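Shown below: query.txt, with compact mmCIF, C-alpha atoms.
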```
# COMPACT_ATOMS: atom_id res chain seq x y z
CA MET A 1 0.00 0.00 0.00
CA ASN A 2 1.55 3.27 -1.04
CA LYS A 3 1.53 6.58 0.80
CA GLU A 4 -1.38 8.07 -1.13
CA ILE A 5 -3.63 5.11 -0.50
CA TYR A 6 -2.72 5.05 3.16
CA SER A 7 -3.37 8.77 3.57
CA PHE A 8 -6.61 8.30 1.66
CA ALA A 9 -7.72 5.56 4.08
CA MET A 10 -6.89 7.71 7.10
CA LYS A 11 -8.56 10.74 5.57
CA ASN A 12 -11.75 8.76 4.98
CA ALA A 13 -11.67 7.58 8.59
CA LEU A 14 -11.31 11.14 9.85
CA ASN A 15 -14.14 12.29 7.59
CA GLU A 16 -16.41 9.52 8.85
CA ILE A 17 -15.61 10.38 12.47
CA GLY A 18 -16.44 13.99 11.61
CA LYS A 19 -19.82 12.88 10.23
CA ILE A 20 -20.64 10.97 13.42
CA ASN A 21 -19.52 13.79 15.66
CA LYS A 22 -20.78 16.97 14.08
CA ASN A 23 -19.04 19.00 16.75
CA ILE A 24 -15.60 18.20 15.33
CA LYS A 25 -14.50 21.27 13.46
CA CYS A 26 -11.50 19.57 11.93
CA SER A 27 -9.10 16.73 12.54
CA PHE A 28 -5.70 15.68 11.27
CA ILE A 29 -2.92 13.20 12.06
CA PHE A 30 0.74 14.10 12.33
CA ASN A 31 3.97 12.53 13.57
CA SER A 32 6.57 13.68 16.09
CA GLU A 33 8.55 15.33 13.33
CA GLY A 34 5.58 17.58 12.67
CA GLU A 35 4.76 15.95 9.36
CA ILE A 36 1.06 15.81 8.54
CA ILE A 37 0.05 12.29 7.58
CA ALA A 38 -3.66 12.76 6.91
CA GLU A 39 -6.29 15.45 7.33
CA ASP A 40 -10.05 15.57 6.96
CA ASP A 41 -11.88 17.70 4.40
CA LYS A 42 -12.66 20.40 6.94
CA SER A 43 -8.98 20.95 7.70
CA SER A 44 -8.50 22.73 4.38
CA LYS A 45 -10.26 25.71 5.95
CA PHE A 46 -7.43 26.11 8.43
CA ASP A 47 -3.74 26.79 8.12
CA ILE A 48 -2.60 23.41 9.45
CA LYS A 49 1.03 23.90 8.41
CA SER A 50 1.45 27.01 10.54
CA ILE A 51 -0.02 25.09 13.49
CA MET A 52 2.70 22.51 13.14
CA GLU A 53 5.35 25.23 13.00
CA ASN A 54 4.06 26.59 16.31
CA PHE A 55 3.92 23.13 17.73
CA ASP A 56 7.58 22.35 17.08
CA GLU A 57 8.85 23.71 20.41
CA ILE A 58 6.41 21.61 22.40
CA LEU A 59 7.43 18.53 20.44
CA GLU A 60 11.06 19.36 21.11
CA LYS A 61 10.49 19.77 24.84
CA LYS A 62 8.02 16.95 25.28
CA ASP A 63 10.63 14.68 26.88
CA VAL A 64 10.76 16.97 29.92
CA ILE A 65 7.39 15.62 30.98
CA GLY A 66 7.93 12.13 29.58
CA GLY A 67 6.61 12.53 26.06
CA LEU A 68 3.33 13.89 24.78
CA ASN A 69 0.27 11.84 25.61
CA HIS A 70 -2.38 14.50 25.57
CA LEU A 71 -2.70 18.22 24.98
CA GLU A 72 -5.78 20.31 25.52
CA VAL A 73 -6.29 23.97 24.82
CA LYS A 74 -9.59 24.99 26.34
CA GLY A 75 -10.99 28.15 24.82
CA LYS A 76 -14.24 29.97 25.54
CA ASN A 77 -15.48 28.99 22.10
CA GLY A 78 -14.13 25.49 21.77
CA THR A 79 -11.37 23.04 22.52
CA PHE A 80 -8.30 21.91 20.64
CA LYS A 81 -6.99 18.47 21.54
CA ILE A 82 -4.00 16.39 20.60
CA LEU A 83 -4.07 12.68 21.43
CA ASN A 84 -1.19 10.29 21.15
CA ILE A 85 -2.78 7.47 19.13
CA ASN A 86 0.24 5.42 18.26
CA GLU A 87 3.87 5.21 19.26
CA ASP A 88 4.73 8.20 17.14
CA SER A 89 1.43 9.40 15.70
CA TYR A 90 -0.82 12.11 17.03
CA LEU A 91 -4.41 13.00 16.28
CA ALA A 92 -5.38 16.66 16.47
CA LEU A 93 -9.02 17.62 16.93
CA THR A 94 -10.81 20.91 17.14
CA ILE A 95 -14.09 20.56 18.96
CA GLU A 96 -16.87 23.08 19.21
CA LYS A 97 -18.06 24.58 22.47
CA ASN A 98 -20.51 22.49 24.51
CA ALA A 99 -19.58 19.28 22.70
CA ASP A 100 -19.16 16.09 24.65
CA THR A 101 -15.36 16.04 24.42
CA GLN A 102 -15.11 12.85 26.46
CA LEU A 103 -17.37 10.96 24.05
CA ILE A 104 -15.47 12.26 21.05
CA GLU A 105 -12.17 11.36 22.64
CA ALA A 106 -13.40 7.88 23.50
CA THR A 107 -14.63 7.37 19.91
CA VAL A 108 -11.42 8.41 18.21
CA ARG A 109 -9.28 6.57 20.72
CA VAL A 110 -11.00 3.36 19.64
CA ILE A 111 -11.44 3.92 15.90
CA ILE A 112 -8.11 5.44 14.87
CA PRO A 113 -5.74 3.02 16.64
CA THR A 114 -7.88 0.09 15.40
CA LEU A 115 -7.63 1.40 11.85
CA LEU A 116 -3.89 1.91 12.22
CA ARG A 117 -3.46 -1.66 13.40
CA LEU A 118 -5.65 -2.93 10.59
CA LEU A 119 -3.69 -1.03 7.98
CA GLU A 120 -0.50 -2.30 9.47
CA LYS A 121 -1.76 -5.87 9.16
CA LEU A 122 -2.98 -5.35 5.62
CA ALA A 123 0.13 -3.59 4.47
CA PRO A 124 3.05 -3.78 6.85
CA THR A 125 4.95 -1.43 4.62
CA HIS A 126 2.49 1.43 5.01
CA PRO A 127 4.00 4.81 4.61
CA ILE A 128 3.35 6.59 7.91
CA PRO A 129 6.69 8.31 8.31
CA ALA A 130 6.76 7.40 11.97
CA LEU A 131 6.07 3.79 11.17
CA GLN A 132 8.38 4.03 8.21
CA ASN A 133 11.06 4.89 10.73
CA GLN A 134 10.23 1.67 12.55
CA GLU A 135 10.32 -0.15 9.25
CA THR A 136 13.63 1.44 8.42
CA LYS A 137 14.93 0.28 11.78
CA ILE A 138 13.66 -3.24 11.07
CA GLU A 139 15.11 -3.11 7.56
CA GLU A 140 18.40 -1.87 8.97
CA LYS A 141 18.34 -4.70 11.49
CA GLU A 142 17.55 -7.23 8.75
CA GLN A 143 20.24 -5.74 6.56
CA LYS A 144 22.67 -5.91 9.46
CA GLU A 145 21.77 -9.56 10.05
CA GLN A 146 22.09 -10.25 6.32
CA ASP A 147 25.49 -8.54 6.26
CA GLU A 148 26.50 -10.55 9.30
CA LYS A 149 25.46 -13.79 7.58
CA GLU A 150 27.23 -12.81 4.38
CA ARG A 151 30.34 -11.98 6.38
CA GLU A 152 30.16 -15.35 8.11
CA ILE A 153 29.69 -17.12 4.77
CA LYS A 154 32.64 -15.19 3.34
CA ILE A 155 34.77 -16.17 6.31
CA GLU A 156 33.72 -19.79 5.88
CA GLU A 157 34.43 -19.62 2.16
CA LYS A 158 37.73 -17.96 2.86
CA GLU A 159 38.54 -20.68 5.31
CA LYS A 160 37.67 -23.22 2.63
CA ILE A 161 39.67 -21.40 0.01
CA GLU A 162 42.57 -20.53 2.20
CA PRO A 163 44.13 -24.01 2.24
CA GLU A 164 44.52 -23.69 -1.51
CA LEU A 165 45.79 -20.17 -1.31
CA ILE A 166 48.23 -20.81 1.49
CA GLU A 167 51.48 -22.02 0.14
CA PRO A 168 51.60 -25.67 1.21
CA GLU A 169 54.52 -26.62 3.32
CA ILE A 170 57.22 -27.99 1.08
CA PRO A 171 58.12 -31.50 2.12
CA VAL A 172 61.73 -32.29 2.77
CA ASN A 173 63.22 -35.76 2.68
CA GLN A 174 66.58 -37.07 3.79
CA LEU A 175 67.85 -39.42 1.20
CA ILE A 176 70.93 -41.60 0.79
CA VAL A 177 73.15 -40.67 -2.04
CA ASP A 178 73.84 -43.16 -4.74
CA THR A 179 75.86 -42.17 -7.70
CA ILE A 180 75.20 -42.75 -11.34
CA GLY A 181 77.72 -42.46 -14.09
CA GLY A 182 78.19 -43.16 -17.75
CA LEU A 183 78.27 -41.36 -21.03
CA LEU A 184 74.53 -41.11 -21.43
CA VAL A 185 73.81 -39.85 -17.95
CA ARG A 186 72.60 -36.30 -17.82
CA SER A 187 74.56 -34.40 -15.22
CA ASP A 188 71.66 -32.12 -14.36
CA THR A 189 69.12 -34.80 -13.50
CA VAL A 190 68.68 -36.85 -10.34
CA HIS A 191 66.52 -39.91 -9.87
CA ILE A 192 64.27 -40.38 -6.89
CA ASP A 193 61.97 -43.16 -5.77
CA ALA A 194 58.56 -42.82 -7.45
CA SER A 195 56.78 -43.18 -4.12
CA ILE A 196 58.55 -40.08 -2.78
CA ILE A 197 57.57 -38.06 -5.83
CA SER A 198 53.97 -39.15 -5.47
CA GLN A 199 54.03 -38.17 -1.78
CA TRP A 200 55.30 -34.77 -2.75
CA ASN A 201 52.61 -34.54 -5.40
CA GLU A 202 49.94 -35.18 -2.79
CA ALA A 203 51.51 -32.74 -0.37
CA LEU A 204 51.65 -30.07 -3.06
CA ASN A 205 48.06 -30.61 -4.23
CA GLY A 206 49.03 -32.43 -7.39
CA LYS A 207 51.58 -29.97 -8.61
CA LYS A 208 53.92 -31.37 -11.18
CA ILE A 209 57.42 -31.75 -9.80
CA GLU A 210 60.17 -31.28 -12.33
CA MET A 211 62.94 -29.87 -10.19
CA VAL A 212 64.39 -30.61 -6.77
CA GLU A 213 66.74 -28.81 -4.48
CA ILE A 214 69.52 -30.82 -2.92
CA GLU A 215 71.19 -29.56 0.19
CA THR A 216 74.24 -31.16 1.64
CA PHE A 217 75.19 -31.11 5.32
CA ASN A 218 78.02 -28.83 4.34
CA GLY A 219 75.46 -26.30 3.31
CA LYS A 220 75.86 -26.59 -0.43
CA THR A 221 72.69 -26.49 -2.47
CA VAL A 222 71.82 -27.09 -6.03
CA GLN A 223 68.68 -27.25 -8.08
CA CYS A 224 68.38 -29.90 -10.72
CA LYS A 225 65.88 -31.85 -12.74
CA VAL A 226 64.28 -34.91 -11.23
CA LYS A 227 63.02 -38.14 -12.66
CA GLU A 228 61.52 -41.27 -11.22
CA MET A 229 63.89 -44.14 -10.57
CA LYS A 230 63.23 -47.04 -12.87
CA ASP A 231 65.05 -49.60 -10.78
CA SER A 232 62.30 -51.34 -8.82
CA LYS A 233 64.86 -52.93 -6.47
CA LEU A 234 65.68 -49.52 -5.03
CA ALA A 235 62.03 -48.64 -4.49
CA GLY A 236 61.20 -47.65 -0.94
CA LYS A 237 64.85 -47.55 0.14
CA GLY A 238 65.12 -43.78 0.40
CA ILE A 239 67.81 -43.43 -2.21
CA ILE A 240 68.61 -40.58 -4.51
CA LYS A 241 70.70 -41.27 -7.56
CA ILE A 242 72.91 -38.28 -8.26
CA PRO A 243 75.25 -38.07 -11.28
CA GLU A 244 78.90 -38.34 -10.30
CA LYS A 245 79.73 -34.94 -11.74
CA LEU A 246 77.06 -33.30 -9.56
CA CYS A 247 78.26 -35.23 -6.52
CA LYS A 248 81.70 -33.83 -7.19
CA ASN A 249 80.33 -30.32 -7.35
CA LEU A 250 78.42 -30.83 -4.12
CA GLU A 251 81.39 -32.51 -2.50
CA ILE A 252 79.35 -35.49 -1.47
CA LYS A 253 80.05 -39.19 -1.75
CA ARG A 254 77.94 -42.29 -2.17
CA GLY A 255 76.13 -43.27 1.02
CA GLU A 256 76.00 -39.77 2.45
CA LEU A 257 72.78 -38.11 3.45
CA VAL A 258 71.31 -35.11 1.67
CA ARG A 259 68.19 -33.10 2.15
CA VAL A 260 65.98 -33.10 -0.89
CA LYS A 261 62.89 -31.00 -1.48
CA PRO A 262 60.81 -30.31 -4.55
CA VAL A 263 61.02 -26.92 -6.23
CA ILE A 264 57.68 -25.31 -6.95
CA SER A 265 57.74 -23.06 -9.94
CA MET B 1 34.35 73.21 59.86
CA PRO B 2 31.82 72.26 57.20
CA ARG B 3 28.52 70.97 58.39
CA LYS B 4 27.87 67.34 57.89
CA ARG B 5 25.00 66.67 55.57
CA LYS B 6 22.50 64.20 56.76
CA ILE B 7 22.23 61.47 54.13
CA GLU B 8 19.01 59.59 54.01
CA LYS B 9 18.98 56.11 52.70
CA ILE B 10 16.20 55.70 50.20
CA GLU B 11 15.20 52.14 49.32
CA ALA B 12 13.19 51.32 46.22
CA LYS B 13 10.19 49.42 47.43
CA PRO B 14 8.46 47.07 44.99
CA GLU B 15 5.03 48.11 43.99
CA PRO B 16 2.44 46.28 46.01
CA GLU B 17 0.72 43.61 43.96
CA PRO B 18 -2.17 42.37 46.04
CA GLU B 19 -3.53 40.13 43.30
CA LEU B 20 -0.16 38.45 42.78
CA ASP B 21 0.29 37.96 46.51
CA LYS B 22 -3.12 36.39 46.72
CA ILE B 23 -2.32 34.00 43.85
CA LYS B 24 1.03 33.12 45.41
CA GLU B 25 -0.69 32.34 48.67
CA LYS B 26 -3.09 29.99 46.88
CA LEU B 27 -0.29 28.40 44.89
CA ASN B 28 1.71 27.78 48.06
CA GLU B 29 -1.29 25.95 49.46
CA ILE B 30 -1.58 23.88 46.30
CA LYS B 31 2.16 23.20 46.29
CA ASN B 32 1.77 21.30 49.53
CA LYS B 33 -0.84 18.98 48.04
CA PRO B 34 0.32 15.49 47.04
CA GLY B 35 1.50 15.09 43.47
CA ILE B 36 2.24 18.77 42.85
CA VAL B 37 5.74 19.14 41.46
CA GLY B 38 5.89 22.92 41.46
CA TYR B 39 4.72 26.14 39.86
CA ILE B 40 5.91 29.14 37.91
CA ILE B 41 4.12 32.46 38.10
CA ARG B 42 5.25 35.44 36.07
CA ASN B 43 4.12 38.78 34.86
CA LYS B 44 5.89 41.71 33.19
CA ARG B 45 7.70 42.73 36.39
CA SER B 46 8.48 39.56 38.28
CA ALA B 47 8.61 35.79 38.29
CA THR B 48 8.30 33.33 41.12
CA ILE B 49 9.38 29.75 40.72
CA ASP B 50 8.93 26.94 43.17
CA LEU B 51 9.91 23.52 41.83
CA ASP B 52 10.82 20.32 43.61
CA ASP B 53 13.62 19.69 41.13
CA PRO B 54 15.43 22.97 40.33
CA THR B 55 17.52 21.26 37.64
CA LYS B 56 14.42 21.10 35.48
CA LEU B 57 13.66 24.78 35.92
CA ILE B 58 14.81 25.93 32.48
CA ASP B 59 13.13 23.06 30.64
CA TYR B 60 9.88 23.63 32.50
CA ALA B 61 10.06 27.38 31.91
CA ILE B 62 10.61 26.87 28.15
CA LEU B 63 7.80 24.33 27.96
CA SER B 64 5.34 26.58 29.80
CA THR B 65 6.20 29.55 27.56
CA SER B 66 5.88 27.39 24.43
CA ALA B 67 2.56 26.07 25.67
CA LYS B 68 1.24 29.59 26.20
CA GLU B 69 2.38 30.81 22.76
CA THR B 70 1.04 27.72 21.01
CA ALA B 71 -2.29 28.02 22.78
CA GLU B 72 -2.59 31.64 21.66
CA GLN B 73 -1.85 30.66 18.05
CA LEU B 74 -4.28 27.75 18.14
CA SER B 75 -6.98 29.97 19.59
CA LYS B 76 -6.51 32.40 16.72
CA ILE B 77 -6.43 29.77 13.99
CA PHE B 78 -9.42 27.79 15.26
CA THR B 79 -11.29 30.78 16.67
CA LEU B 80 -11.41 29.27 20.13
CA ASP B 81 -11.71 32.75 21.58
CA GLU B 82 -9.94 33.55 24.84
CA THR B 83 -7.94 30.61 26.18
CA LYS B 84 -9.11 29.35 29.56
CA TYR B 85 -6.33 26.89 30.12
CA THR B 86 -3.90 24.51 28.46
CA ILE B 87 -3.05 21.09 29.78
CA ILE B 88 -0.14 19.09 28.43
CA GLU B 89 0.15 15.56 29.70
CA GLY B 90 3.25 13.38 29.43
CA GLU B 91 4.06 9.91 30.69
CA LYS B 92 5.43 11.23 33.98
CA THR B 93 4.27 14.79 34.44
CA LYS B 94 1.49 17.11 33.35
CA LEU B 95 1.37 20.85 32.99
CA LEU B 96 -1.48 23.29 33.56
CA ASN B 97 -1.09 26.72 31.99
CA PHE B 98 -3.51 29.60 32.49
CA SER B 99 -3.59 33.32 33.12
CA ILE B 100 -5.22 35.44 35.76
CA ASN B 101 -5.21 38.93 34.34
CA GLU B 102 -1.56 39.65 33.54
CA ASN B 103 -0.18 36.78 35.61
CA ASP B 104 0.78 33.65 33.70
CA ILE B 105 0.64 30.57 35.88
CA SER B 106 2.11 27.14 35.19
CA ILE B 107 1.53 24.27 37.55
CA PHE B 108 3.46 21.03 37.16
CA ALA B 109 2.03 17.90 38.70
CA GLU B 110 2.25 14.14 38.63
CA LYS B 111 0.04 12.26 36.22
CA GLN B 112 -2.70 11.32 38.69
CA VAL B 113 -3.45 14.90 39.76
CA ASN B 114 -6.70 16.44 38.51
CA LEU B 115 -5.48 19.73 37.06
CA GLU B 116 -8.92 20.83 35.88
CA LYS B 117 -10.04 20.82 39.49
CA ILE B 118 -7.02 22.87 40.51
CA TYR B 119 -7.81 25.33 37.74
CA LYS B 120 -11.36 25.67 39.01
CA ASP B 121 -10.12 26.14 42.58
CA LEU B 122 -7.79 28.91 41.53
CA THR B 123 -10.13 30.88 39.29
```
Could you render the structure as structure tokens?
Amino acid sequence: MNKEIYSFAMKNALNEIGKINKNIKCSFIFNSEGEIIAEDDKSSKFDIKSIMENFDEILEKKDVIGGLNHLEVKGKNGTFKILNINEDSYLALTIEKNADTQLIEATVRVIIPTLLRLLEKLAPTHPIPALQNQETKIEEKEQKEQDEKEREIKIEEKEKIEPELIEPEIPVNQLIVDTIGGLLVRSDTVHIDASIISQWNEALNGKKIEMVEIETFNGKTVQCKVKEMKDSKLAGKGIIKIPEKLCKNLEIKRGELVRVKPVIS
Amino acid sequence: MPRKRKIEKIEAKPEPEPELDKIKEKLNEIKNKPGIVGYIIRNKRSATIDLDDPTKLIDYAILSTSAKETAEQLSKIFTLDETKYTIIEGEKTKLLNFSINENDISIFAEKQVNLEKIYKDLT
């Protein structure tokens, strides 16, 4: 229900109340910000906006007495009343002299709040600015909750993603040096047990391992190509076959221990 | 030797205001009744304030002035004629505003107090 329809409904209600109580000179509804929400047909005879301007100071100072529940200006020729009908909505009435103000007050105190509740049920997003404020608060709360959920989801997703993003710890193995020689042996390639390479593969989330770093206990390091050992007899023995030339460079001998780790490009 | 001049001390006495004194007397009686928080009475020359909580004095004074001005405007706009009284009721306190000739009177009371009756008693 949009603002116009809502105001129209309230206006009709005020007009009907005016028909029942002929002594009502005019009536209108406003909020604590001084915004007029609805007014009856008779209100057009009066300068309602200037009334609200005058009323600003009272609205500002209303907290001194604990809000504004009721205001009555008793004149010799009539009475002006303001009734708090909702949390933040006020009904203003001008009543003629000698009218039964108590009866009128009782009538509007029943009809208007009932109508407000009804409209709220029919269209929870009705446009009373005061109630819109409540809605805004609710929306803000919902938005906040939504943001909170989204943040939580993002954190969860991040947590899920993070293992991939975090550089996996590079496995290091201590292997026994075995030398390989011959004319056809490439001096830049070492041979490692296939099971070790597959372990590294798993540890590095399937990354292809083409190079390894060999570190001797003397502190010398070298990076070279790696291939799986074809000799099944050496499988599972923890041996690394290093070309003799490379062993010479690293100043290591057969049977010594070296640290070997894959190089991730 | 020069003669000493006799200097008479002249004090400015406030003009007697029998009506105001009478109102004050009545208000003091009312002030002692249960539920009455205090009162403000003022005219062009003077103001008397008697409130239980002096810290609220300024707020109460502003509210009572605003109530008077608003009532005057409303009376004009809705042709209510001369304003008899204004009552503003909050959750904790209520205010009665009215005038007796040139004296503007504001009485603050707790919610349960019948301010219409007090108005009738005072006028």
Legend entry - Distance-based interface of chain B with chain A, 6 Å, counting only C-alpha atoms, as a ChimeraX atom specification: /B:70,80-93
Store the residues picked out above in a file with C-alpha atoms, as an mmCIF file, keeping the file's coordinate frame.
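The resulting file, out39.cif, is reproduced below:
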```cif
data_model
loop_
_atom_site.group_PDB
_atom_site.id
_atom_site.type_symbol
_atom_site.label_atom_id
_atom_site.label_comp_id
_atom_site.auth_asym_id
_atom_site.auth_seq_id
_atom_site.Cartn_x
_atom_site.Cartn_y
_atom_site.Cartn_z
ATOM 1 C CA THR B 70 1.040 27.720 21.010
ATOM 2 C CA LEU B 80 -11.410 29.270 20.130
ATOM 3 C CA ASP B 81 -11.710 32.750 21.580
ATOM 4 C CA GLU B 82 -9.940 33.550 24.840
ATOM 5 C CA THR B 83 -7.940 30.610 26.180
ATOM 6 C CA LYS B 84 -9.110 29.350 29.560
ATOM 7 C CA TYR B 85 -6.330 26.890 30.120
ATOM 8 C CA THR B 86 -3.900 24.510 28.460
ATOM 9 C CA ILE B 87 -3.050 21.090 29.780
ATOM 10 C CA ILE B 88 -0.140 19.090 28.430
ATOM 11 C CA GLU B 89 0.150 15.560 29.700
ATOM 12 C CA GLY B 90 3.250 13.380 29.430
ATOM 13 C CA GLU B 91 4.060 9.910 30.690
ATOM 14 C CA LYS B 92 5.430 11.230 33.980
ATOM 15 C CA THR B 93 4.270 14.790 34.440
#
```
Inset, instruction - Tell me, as a ChimeraX atom specification, which residues lie within 7 Å of B:Asp50, counting only C-alpha atoms; anything in the same chain fewer than 3 positions away does not count. - result: /B:38-40
Inset, instruction - Could you jot down the atom CA of B:Thr123 to atom CA of B:Asp21 separation for me, Å, one decimal place? - result: 14.5 Å
Using all atoms listed in the file, give me every residue within 7 Å of (73.9, -37.5, -10.3) in file coordinates, as a PDB file with C-alpha atoms, in the coordinates of the input.
```
ATOM      1  CA  THR A 179      75.860 -42.170  -7.700  1.00  0.00           C
ATOM      2  CA  ILE A 180      75.200 -42.750 -11.340  1.00  0.00           C
ATOM      3  CA  SER A 187      74.560 -34.400 -15.220  1.00  0.00           C
ATOM      4  CA  THR A 189      69.120 -34.800 -13.500  1.00  0.00           C
ATOM      5  CA  VAL A 190      68.680 -36.850 -10.340  1.00  0.00           C
ATOM      6  CA  LYS A 241      70.700 -41.270  -7.560  1.00  0.00           C
ATOM      7  CA  ILE A 242      72.910 -38.280  -8.260  1.00  0.00           C
ATOM      8  CA  PRO A 243      75.250 -38.070 -11.280  1.00  0.00           C
ATOM      9  CA  GLU A 244      78.900 -38.340 -10.300  1.00  0.00           C
ATOM     10  CA  LYS A 245      79.730 -34.940 -11.740  1.00  0.00           C
ATOM     11  CA  LEU A 246      77.060 -33.300  -9.560  1.00  0.00           C
ATOM     12  CA  CYS A 247      78.260 -35.230  -6.520  1.00  0.00           C
TER      13      CYS A 247
END
```
May I have the residues within 8 Å of A:Arg254 as a PDB file with C-alpha atoms, keeping the file's coordinate frame, using all atoms listed in the file and disregarding those fewer than 5 positions away in the same chain?
```
ATOM      1  CA  ILE A 176      70.930 -41.600   0.790  1.00  0.00           C
ATOM      2  CA  VAL A 177      73.150 -40.670  -2.040  1.00  0.00           C
ATOM      3  CA  ASP A 178      73.840 -43.160  -4.740  1.00  0.00           C
ATOM      4  CA  THR A 179      75.860 -42.170  -7.700  1.00  0.00           C
TER       5      THR A 179
END
```
Legend entry - Who sits within 12 Å of A:Glu39, only C-alpha atoms, same chain under 4 positions skipped, as a ChimeraX atom specification: /A:6-18,25-30,35,43-49,90-93
Inset, instruction - One decimal, Å: what's the distance from atom CA of B:Ile105 over to atom CA of B:Thr65, could you say? - result: 10.1 Å
Legend entry - Residue neighbourhood B:Asp121, 10 Å, all atoms listed in the file, exclusion window fewer than 5 positions, as a VMD selection string: chain B and resid 26 30 115 to 116
Legend entry - For atom CA of B:Pro18 and atom CA of B:Leu57, the interatomic separation in Å (one decimal):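 Rounded to one decimal, the two atoms are 25.7 Å apart.
Distances from A:Asp193, A:Glu213, A:Glu145, A:Glu202 to A:Gly236 were compared using all atoms listed in the file, and the smallest one belongs to A:Asp193.
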Inset, instruction - Name the closest residue to B:Ser66 among the candidates B:Ile36, B:Arg45, B:Asn97, B:Gln112; distances are taken between atoms, counting only C-alpha atoms. - result: B:Asn97
